[in-house]
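One file, target-v5.cif, is given below (mmCIF, C-alpha atoms).
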data_upload
loop_
_atom_site.label_atom_id
_atom_site.label_comp_id
_atom_site.auth_asym_id
_atom_site.auth_seq_id
_atom_site.Cartn_x
_atom_site.Cartn_y
_atom_site.Cartn_z
CA MET A 1 0.00 0.00 0.00
CA THR A 2 1.46 3.33 -1.03
CA THR A 3 0.87 6.63 0.70
CA THR A 4 1.19 9.99 -0.86
CA THR A 5 2.20 13.11 0.98
CA ALA A 6 1.00 16.51 0.00
CA PRO A 7 3.69 18.92 -1.13
CA PRO A 8 4.72 21.49 1.51
CA ALA A 9 2.94 24.78 1.34
CA PRO A 10 4.93 27.73 0.09
CA VAL A 11 6.76 29.67 2.74
CA GLY A 12 4.74 32.81 2.12
CA GLU A 13 1.42 31.02 2.55
CA SER A 14 2.44 29.31 5.82
CA THR A 15 3.75 32.45 7.47
CA ALA A 16 1.05 34.83 6.26
CA PRO A 17 -1.55 33.95 8.97
CA GLY A 18 1.06 34.26 11.73
CA ARG A 19 2.23 37.57 10.35
CA ARG A 20 -1.33 38.85 10.18
CA ARG A 21 -1.91 37.78 13.78
CA THR A 22 1.29 39.59 14.86
CA ARG A 23 0.23 42.78 13.12
CA ALA A 24 -3.26 42.55 14.62
CA ALA A 25 -1.78 42.05 18.10
CA ALA A 26 0.55 45.02 17.59
CA ARG A 27 -2.37 47.23 16.51
CA ALA A 28 -4.38 46.08 19.52
CA GLU A 29 -1.50 46.88 21.86
CA GLY A 30 -1.09 50.28 20.22
CA ARG A 31 -4.77 51.09 20.70
CA ALA A 32 -4.62 49.97 24.34
CA ALA A 33 -1.54 52.12 24.90
CA TRP A 34 -3.22 55.21 23.44
CA ILE A 35 -6.36 54.59 25.49
CA LEU A 36 -4.26 54.42 28.66
CA ALA A 37 -2.28 57.52 27.69
CA LEU A 38 -5.33 59.51 26.60
CA PRO A 39 -6.14 61.02 30.05
CA PHE A 40 -2.56 62.30 30.44
CA CYS A 41 -2.51 63.64 26.88
CA LEU A 42 -5.76 65.52 27.43
CA LEU A 43 -4.54 66.98 30.72
CA PHE A 44 -1.19 67.94 29.17
CA LEU A 45 -2.81 69.63 26.17
CA THR A 46 -5.38 71.44 28.33
CA PHE A 47 -3.27 72.61 31.27
CA THR A 48 0.27 72.78 29.79
CA ALA A 49 0.50 73.01 26.01
CA TRP A 50 -2.47 75.35 25.51
CA PRO A 51 -1.45 77.84 28.27
CA VAL A 52 2.12 77.86 26.94
CA LEU A 53 0.91 78.69 23.43
CA GLN A 54 -1.45 81.32 24.82
CA SER A 55 1.35 82.95 26.83
CA LEU A 56 3.60 82.92 23.77
CA PHE A 57 0.92 84.73 21.77
CA MET A 58 0.34 87.09 24.68
CA SER A 59 4.02 88.09 24.64
CA PHE A 60 3.46 89.65 21.20
CA THR A 61 0.46 91.71 22.34
CA ASP A 62 -0.15 94.67 24.62
CA THR A 63 -2.40 92.67 26.96
CA ARG A 64 -3.06 94.35 30.30
CA SER A 65 -5.32 93.54 33.22
CA ARG A 66 -8.09 95.75 31.85
CA ASP A 67 -8.21 93.59 28.71
CA LEU A 68 -9.38 90.49 30.56
CA ARG A 69 -13.01 91.51 30.06
CA SER A 70 -12.47 92.14 26.34
CA PRO A 71 -9.60 89.86 25.25
CA PHE A 72 -10.28 90.43 21.53
CA SER A 73 -9.52 94.16 21.82
CA VAL A 74 -5.78 93.67 22.39
CA ASP A 75 -3.34 94.74 19.71
CA VAL A 76 -0.47 92.70 18.33
CA VAL A 77 2.72 94.70 18.88
CA GLY A 78 5.24 92.19 17.51
CA LEU A 79 8.65 92.33 19.17
CA GLU A 80 7.97 95.58 21.00
CA ASN A 81 7.72 93.88 24.40
CA TYR A 82 11.04 92.11 23.87
CA THR A 83 12.86 95.26 22.78
CA ARG A 84 11.33 97.10 25.71
CA ALA A 85 12.57 94.43 28.11
CA LEU A 86 16.11 94.46 26.73
CA SER A 87 16.22 98.25 27.09
CA ASP A 88 14.62 98.41 30.54
CA PRO A 89 17.32 99.41 33.08
CA LEU A 90 15.59 97.59 35.93
CA PHE A 91 15.28 94.37 33.94
CA LEU A 92 18.93 94.62 32.90
CA GLN A 93 19.78 95.06 36.57
CA SER A 94 17.79 91.93 37.39
CA MET A 95 19.73 90.06 34.68
CA ARG A 96 23.03 91.15 36.22
CA ASN A 97 21.84 90.12 39.68
CA THR A 98 20.74 86.73 38.39
CA ALA A 99 24.04 86.24 36.56
CA TYR A 100 25.91 87.07 39.78
CA PHE A 101 23.76 84.62 41.71
CA VAL A 102 24.30 81.84 39.15
CA LEU A 103 28.01 82.35 38.42
CA VAL A 104 28.91 82.36 42.11
CA GLY A 105 26.18 80.19 43.58
CA VAL A 106 26.32 77.20 41.20
CA PRO A 107 30.10 76.52 41.52
CA LEU A 108 29.96 77.10 45.28
CA THR A 109 27.04 74.70 45.66
CA LEU A 110 28.78 72.05 43.56
CA VAL A 111 32.03 72.35 45.52
CA VAL A 112 30.29 72.11 48.91
CA ALA A 113 28.11 69.21 47.73
CA LEU A 114 31.09 67.30 46.32
CA ALA A 115 33.17 67.90 49.46
CA ALA A 116 30.34 66.64 51.66
CA ALA A 117 29.87 63.59 49.43
CA VAL A 118 33.58 62.73 49.55
CA ALA A 119 33.60 63.10 53.34
CA LEU A 120 30.58 60.84 53.73
CA ASN A 121 31.95 58.33 51.25
CA ARG A 122 35.43 57.87 52.72
CA GLY A 123 36.09 60.16 55.67
CA ILE A 124 33.12 59.92 58.03
CA HIS A 125 32.45 56.41 59.33
CA ARG A 126 30.47 56.92 62.52
CA PHE A 127 26.95 58.39 62.43
CA ARG A 128 27.09 58.55 58.61
CA ALA A 129 23.32 58.24 58.27
CA VAL A 130 22.81 61.08 60.76
CA PHE A 131 25.04 63.38 58.72
CA ARG A 132 23.25 62.44 55.50
CA LEU A 133 19.91 63.24 57.06
CA GLY A 134 21.19 66.51 58.52
CA PHE A 135 22.69 67.68 55.24
CA TYR A 136 19.57 66.78 53.26
CA THR A 137 16.97 68.16 55.70
CA PRO A 138 17.13 71.78 54.36
CA VAL A 139 16.20 70.51 50.88
CA ILE A 140 12.84 69.15 52.03
CA THR A 141 12.13 72.13 54.30
CA SER A 142 9.90 74.95 53.06
CA ILE A 143 11.98 77.63 51.37
CA VAL A 144 9.74 80.32 52.86
CA ALA A 145 10.36 79.04 56.38
CA ILE A 146 14.10 78.87 55.72
CA ALA A 147 14.16 82.39 54.29
CA VAL A 148 12.29 83.78 57.31
CA VAL A 149 14.71 82.09 59.73
CA TRP A 150 17.74 83.33 57.82
CA ARG A 151 16.31 86.84 57.73
CA PHE A 152 16.37 86.85 61.52
CA LEU A 153 19.81 85.23 61.66
CA LEU A 154 21.28 87.92 59.40
CA GLN A 155 19.87 90.94 61.19
CA SER A 156 22.58 93.53 61.70
CA ASP A 157 21.93 94.37 65.36
CA SER A 158 20.49 91.24 66.97
CA GLY A 159 21.13 88.47 64.45
CA LEU A 160 22.92 85.32 65.56
CA VAL A 161 25.54 85.57 62.80
CA ASN A 162 26.75 89.04 63.81
CA THR A 163 26.51 88.09 67.48
CA VAL A 164 28.89 85.16 66.94
CA LEU A 165 31.21 87.35 64.88
CA GLY A 166 31.22 89.88 67.71
CA TRP A 167 32.48 87.21 70.10
CA VAL A 168 35.72 87.03 68.10
CA GLY A 169 36.04 90.79 67.66
CA ILE A 170 34.54 91.10 64.16
CA ASP A 171 31.99 93.81 63.49
CA GLY A 172 29.52 92.05 61.24
CA PRO A 173 28.06 93.93 58.26
CA ASN A 174 24.44 94.80 57.60
CA TRP A 175 23.90 91.63 55.58
CA LEU A 176 20.49 92.39 54.11
CA GLY A 177 20.64 96.20 54.24
CA ASP A 178 23.94 96.76 52.44
CA PRO A 179 23.90 96.43 48.62
CA HIS A 180 27.42 94.96 48.72
CA TRP A 181 26.49 92.17 51.16
CA SER A 182 22.87 91.38 50.32
CA MET A 183 23.56 89.13 47.33
CA PRO A 184 26.43 87.21 49.02
CA ALA A 185 24.06 86.60 51.95
CA LEU A 186 21.43 85.14 49.61
CA ILE A 187 24.06 83.00 47.89
CA LEU A 188 25.26 81.56 51.20
CA MET A 189 21.70 80.76 52.23
CA ALA A 190 20.89 79.15 48.88
CA THR A 191 24.09 77.09 48.98
CA TRP A 192 23.31 75.85 52.49
CA ARG A 193 19.80 74.89 51.45
CA ASN A 194 20.55 73.22 48.10
CA PHE A 195 23.86 71.41 48.47
CA GLY A 196 22.11 68.39 50.02
CA THR A 197 20.57 67.38 46.69
CA GLY A 198 23.91 67.47 44.92
CA MET A 199 25.54 65.65 47.82
CA ILE A 200 23.18 62.68 47.49
CA ILE A 201 23.74 62.46 43.73
CA PHE A 202 27.51 62.87 44.05
CA LEU A 203 27.56 60.19 46.72
CA ALA A 204 25.89 57.75 44.34
CA GLY A 205 28.40 58.68 41.64
CA LEU A 206 31.37 58.21 43.97
CA GLN A 207 30.19 54.77 44.99
CA ALA A 208 30.06 53.79 41.30
CA VAL A 209 33.76 54.60 40.74
CA PRO A 210 35.73 51.30 40.61
CA TRP A 211 37.88 51.13 43.72
CA HIS A 212 40.52 48.94 42.06
CA LEU A 213 41.57 51.95 39.97
CA HIS A 214 42.42 53.84 43.15
CA GLU A 215 44.30 50.84 44.51
CA ALA A 216 46.37 50.53 41.32
CA ALA A 217 47.16 54.25 41.33
CA ALA A 218 48.10 54.12 45.02
CA ILE A 219 50.52 51.26 44.31
CA ASP A 220 52.10 53.40 41.58
CA GLY A 221 52.64 56.17 44.14
CA ALA A 222 49.80 58.54 43.27
CA SER A 223 48.70 60.78 46.12
CA SER A 224 45.10 61.12 47.26
CA TRP A 225 44.72 64.42 45.43
CA LYS A 226 46.08 63.01 42.16
CA ARG A 227 43.78 60.00 42.42
CA PHE A 228 40.84 62.30 42.99
CA ARG A 229 41.82 64.61 40.12
CA TYR A 230 42.76 62.06 37.48
CA ILE A 231 40.45 59.15 38.37
CA THR A 232 37.44 60.32 40.34
CA LEU A 233 36.69 63.61 38.59
CA PRO A 234 36.89 62.27 35.00
CA LEU A 235 34.59 59.36 35.87
CA MET A 236 32.23 61.77 37.62
CA ARG A 237 31.74 64.05 34.60
CA PRO A 238 28.19 62.81 33.79
CA THR A 239 27.18 63.21 37.43
CA ILE A 240 28.74 66.67 37.66
CA LEU A 241 26.95 67.64 34.45
CA PHE A 242 23.58 66.52 35.81
CA VAL A 243 24.00 68.36 39.12
CA SER A 244 25.33 71.46 37.37
CA VAL A 245 22.42 71.61 34.92
CA THR A 246 19.69 71.06 37.50
CA THR A 247 21.26 73.52 39.96
CA GLY A 248 21.80 76.12 37.23
CA ILE A 249 18.20 75.89 36.04
CA GLY A 250 16.96 76.34 39.59
CA TYR A 251 19.27 79.28 40.31
CA LEU A 252 18.33 81.06 37.07
CA GLN A 253 14.74 81.09 38.33
CA PHE A 254 15.45 82.01 41.95
CA PHE A 255 12.57 83.97 43.43
CA GLU A 256 11.66 83.05 46.98
CA GLU A 257 14.95 84.14 48.55
CA PRO A 258 14.82 87.82 47.54
CA PHE A 259 11.04 87.94 47.74
CA VAL A 260 10.96 86.91 51.40
CA MET A 261 14.28 88.25 52.68
CA THR A 262 14.88 91.56 50.86
CA ASN A 263 11.94 92.22 48.52
CA GLY A 264 14.52 92.90 45.83
CA GLY A 265 16.42 95.52 47.83
CA PRO A 266 18.36 97.31 48.95
CA LEU A 267 18.54 99.54 45.87
CA ASN A 268 17.37 96.64 43.67
CA SER A 269 20.61 94.79 44.41
CA THR A 270 18.83 91.45 44.83
CA ILE A 271 15.91 91.68 42.42
CA SER A 272 15.96 88.66 40.10
CA MET A 273 14.47 88.13 36.67
CA SER A 274 11.73 85.92 38.07
CA MET A 275 10.89 88.48 40.73
CA TYR A 276 10.79 91.27 38.16
CA THR A 277 8.42 89.15 36.03
CA TYR A 278 6.23 88.54 39.08
CA LYS A 279 6.02 92.27 39.76
CA GLN A 280 5.06 93.02 36.16
CA PHE A 281 2.23 90.49 36.39
CA GLY A 282 1.17 92.21 39.61
CA PHE A 283 1.17 95.58 37.83
CA GLY A 284 -1.14 94.11 35.19
CA ASN A 285 1.40 94.21 32.34
CA TYR A 286 0.58 90.69 31.17
CA GLY A 287 1.97 90.93 27.65
CA TYR A 288 5.23 92.49 28.85
CA ALA A 289 5.58 89.97 31.68
CA ALA A 290 4.98 87.07 29.26
CA SER A 291 7.77 88.33 27.00
CA ILE A 292 10.16 88.46 29.96
CA SER A 293 9.22 84.88 30.82
CA TYR A 294 10.34 83.76 27.37
CA VAL A 295 13.55 85.73 27.68
CA ILE A 296 14.24 83.73 30.84
CA PHE A 297 13.38 80.53 28.98
CA VAL A 298 15.90 81.34 26.24
CA LEU A 299 18.58 82.16 28.81
CA VAL A 300 17.97 78.86 30.61
CA ALA A 301 18.29 76.98 27.31
CA VAL A 302 21.52 78.82 26.41
CA VAL A 303 23.13 78.27 29.81
CA THR A 304 22.15 74.59 29.74
CA ALA A 305 23.64 74.18 26.27
CA ILE A 306 26.89 75.78 27.45
CA GLN A 307 27.04 73.43 30.42
CA PHE A 308 26.53 70.42 28.15
CA ARG A 309 29.27 71.74 25.88
CA LEU A 310 31.78 72.22 28.70
CA LEU A 311 31.03 69.17 30.84
CA ARG A 312 30.08 66.49 28.35
CA GLU A 313 32.14 63.33 28.27
CA GLU A 314 35.29 63.45 26.16
CA ARG A 315 35.35 61.05 23.22
#

Have the structure of the file written as structure tokens, please.
Amino acid sequence: MTTTTAPPAPVGESTAPGRRRTRAAARAEGRAAWILALPFCLLFLTFTAWPVLQSLFMSFTDTRSRDLRSPFSVDVVGLENYTRALSDPLFLQSMRNTAYFVLVGVPLTLVVALAAAVALNRGIHRFRAVFRLGFYTPVITSIVAIAVVWRFLLQSDSGLVNTVLGWVGIDGPNWLGDPHWSMPALILMATWRNFGTGMIIFLAGLQAVPWHLHEAAAIDGASSWKRFRYITLPLMRPTILFVSVTTGIGYLQFFEEPFVMTNGGPLNSTISMSMYTYKQFGFGNYGYAASISYVIFVLVAVVTAIQFRLLREER
């Protein structure tokens, strides 16, 4: 008895049903993903994208508080708000103050955070968790509460800082009333409050550095400083870049410190760009304030790009 076997089906015919099922499953997964993401997309478009586009349009108009009842009566003024901002002496002063705050505050915060991370990683062995908690506590504390406390600490006549300086024969300055000392006082306070975040991130980066590289360099006679400079710092470049960018973005938008402690004074020596924008919104100059907001946005983007250029990994 002979049996006959059917010839094998062509490869295309045998794989076509499986391929169709795979495509159908992929389309089903895509639809499910969009359904799950739809609430977020709607919220993002409604409360983020649309207000951003509206504020961008507003920056090219002469919108004021009186125009809220008749929003269609505003006039499009083009780049007039931007040219006005870049020729406004007070806004230029706020730009200089912000640049001072960033150029001094960001490196100081990074240095203090890195020093604290190195100490916790290798130097401090007992009560390490207590020090970590103590250094990080100011970060999670309300900035308004911190600013109020520091305002009392820095009082010229009865503040704790000048009292302690008087014990060693130093006549402390009028920290918040002298234009020469007001910004350094804010920088010191901001550094004390913010270095805890960088310390935690630096500590994670230090623990990722291979210790055998330090051991090999120590055997070759390299000192602790040389090991730190030529091994630790190069391997920490991505971490330093991240901390520098996040700290710089925050410092470019600093607002609470001068608002609570000095109200921009004395003699506008501590008014920041964000605070100036806030005041323009309070005055009802909505179109002008919106244009200043986008000037700040461009400055943040430029400074961030420069940081990426300077601190990116060498190839």

**Q.** Interatomic distance (Å, one decimal) between atom CA of A:Ser224 and atom CA of A:Ile240
**A.** 19.8 Å

Q | Matched chain/residue IDs from the PyMOL selection byres ((chain A and resi 273-283) around 7), as a ChimeraX atom specification | A | /A:91,94-95,98,253-255,271-272,284-286,289,292-293

Q | Surrounding residues of A:Phe60 excluding itself and chain neighbours under 5 positions, 10 Å, only C-alpha atoms, as a ChimeraX atom specification | A | /A:55,75-82,287-288,290-291

Q: Excluding A:Ser182 and residues on its chain fewer than 6 positions from it, collect all residues at most 7 Å away from it, counting only C-alpha atoms, and give them as JSON, numbers by chain.
A: {"A": [175, 176, 270]}

Could you write out the selected residues, including C-alpha atoms, as a tab-separated table (two decimals), in the coordinates of the input?
chain	number	residue	atom	x	y	z
A	175	TRP	CA	23.90	91.63	55.58
A	176	LEU	CA	20.49	92.39	54.11
A	270	THR	CA	18.83	91.45	44.83

(Q) List as number ranges by chain the protein and nucleic acid residues near A:Ser156, meaning an atom at most 10 Å away when all atoms listed in the file are counted, but skip any in the same chain fewer than 6 places from it. (A) A: 162-163, 171-178

Please produce an output containing C-alpha atoms for each residue in the selection, written as a CSV table (one decimal), in the frame of the given file.
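Produced file result24.csv, reproduced below:
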chain,number,residue,atom,x,y,z
A,162,ASN,CA,26.8,89.0,63.8
A,163,THR,CA,26.5,88.1,67.5
A,171,ASP,CA,32.0,93.8,63.5
A,172,GLY,CA,29.5,92.0,61.2
A,173,PRO,CA,28.1,93.9,58.3
A,174,ASN,CA,24.4,94.8,57.6
A,175,TRP,CA,23.9,91.6,55.6
A,176,LEU,CA,20.5,92.4,54.1
A,177,GLY,CA,20.6,96.2,54.2
A,178,ASP,CA,23.9,96.8,52.4

**Q.** Chain and number of each residue from the PyMOL selection byres ((chain A and resi 311) around 8), as a PyMOL selection string
**A.** chain A and resi 237-238+240-241+307-310+312-313

**Q.** Result set of the PyMOL selection byres ((chain A and resi 114) around 12) on the coordinates above, as a count of residues only
**A.** 34

Q) Between A:Ile146, A:Leu103, A:Ala33, A:Val139, which one has atoms that come closest to A:Met261, using all atoms listed in the file? A) A:Ile146

**Q.** Straight-line distance linking atom CA of A:Ala129 with atom CA of A:Met189, stated in Å to one decimal
**A.**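 Going from atom CA of A:Ala129 over to atom CA of A:Met189 covers 23.4 Å.
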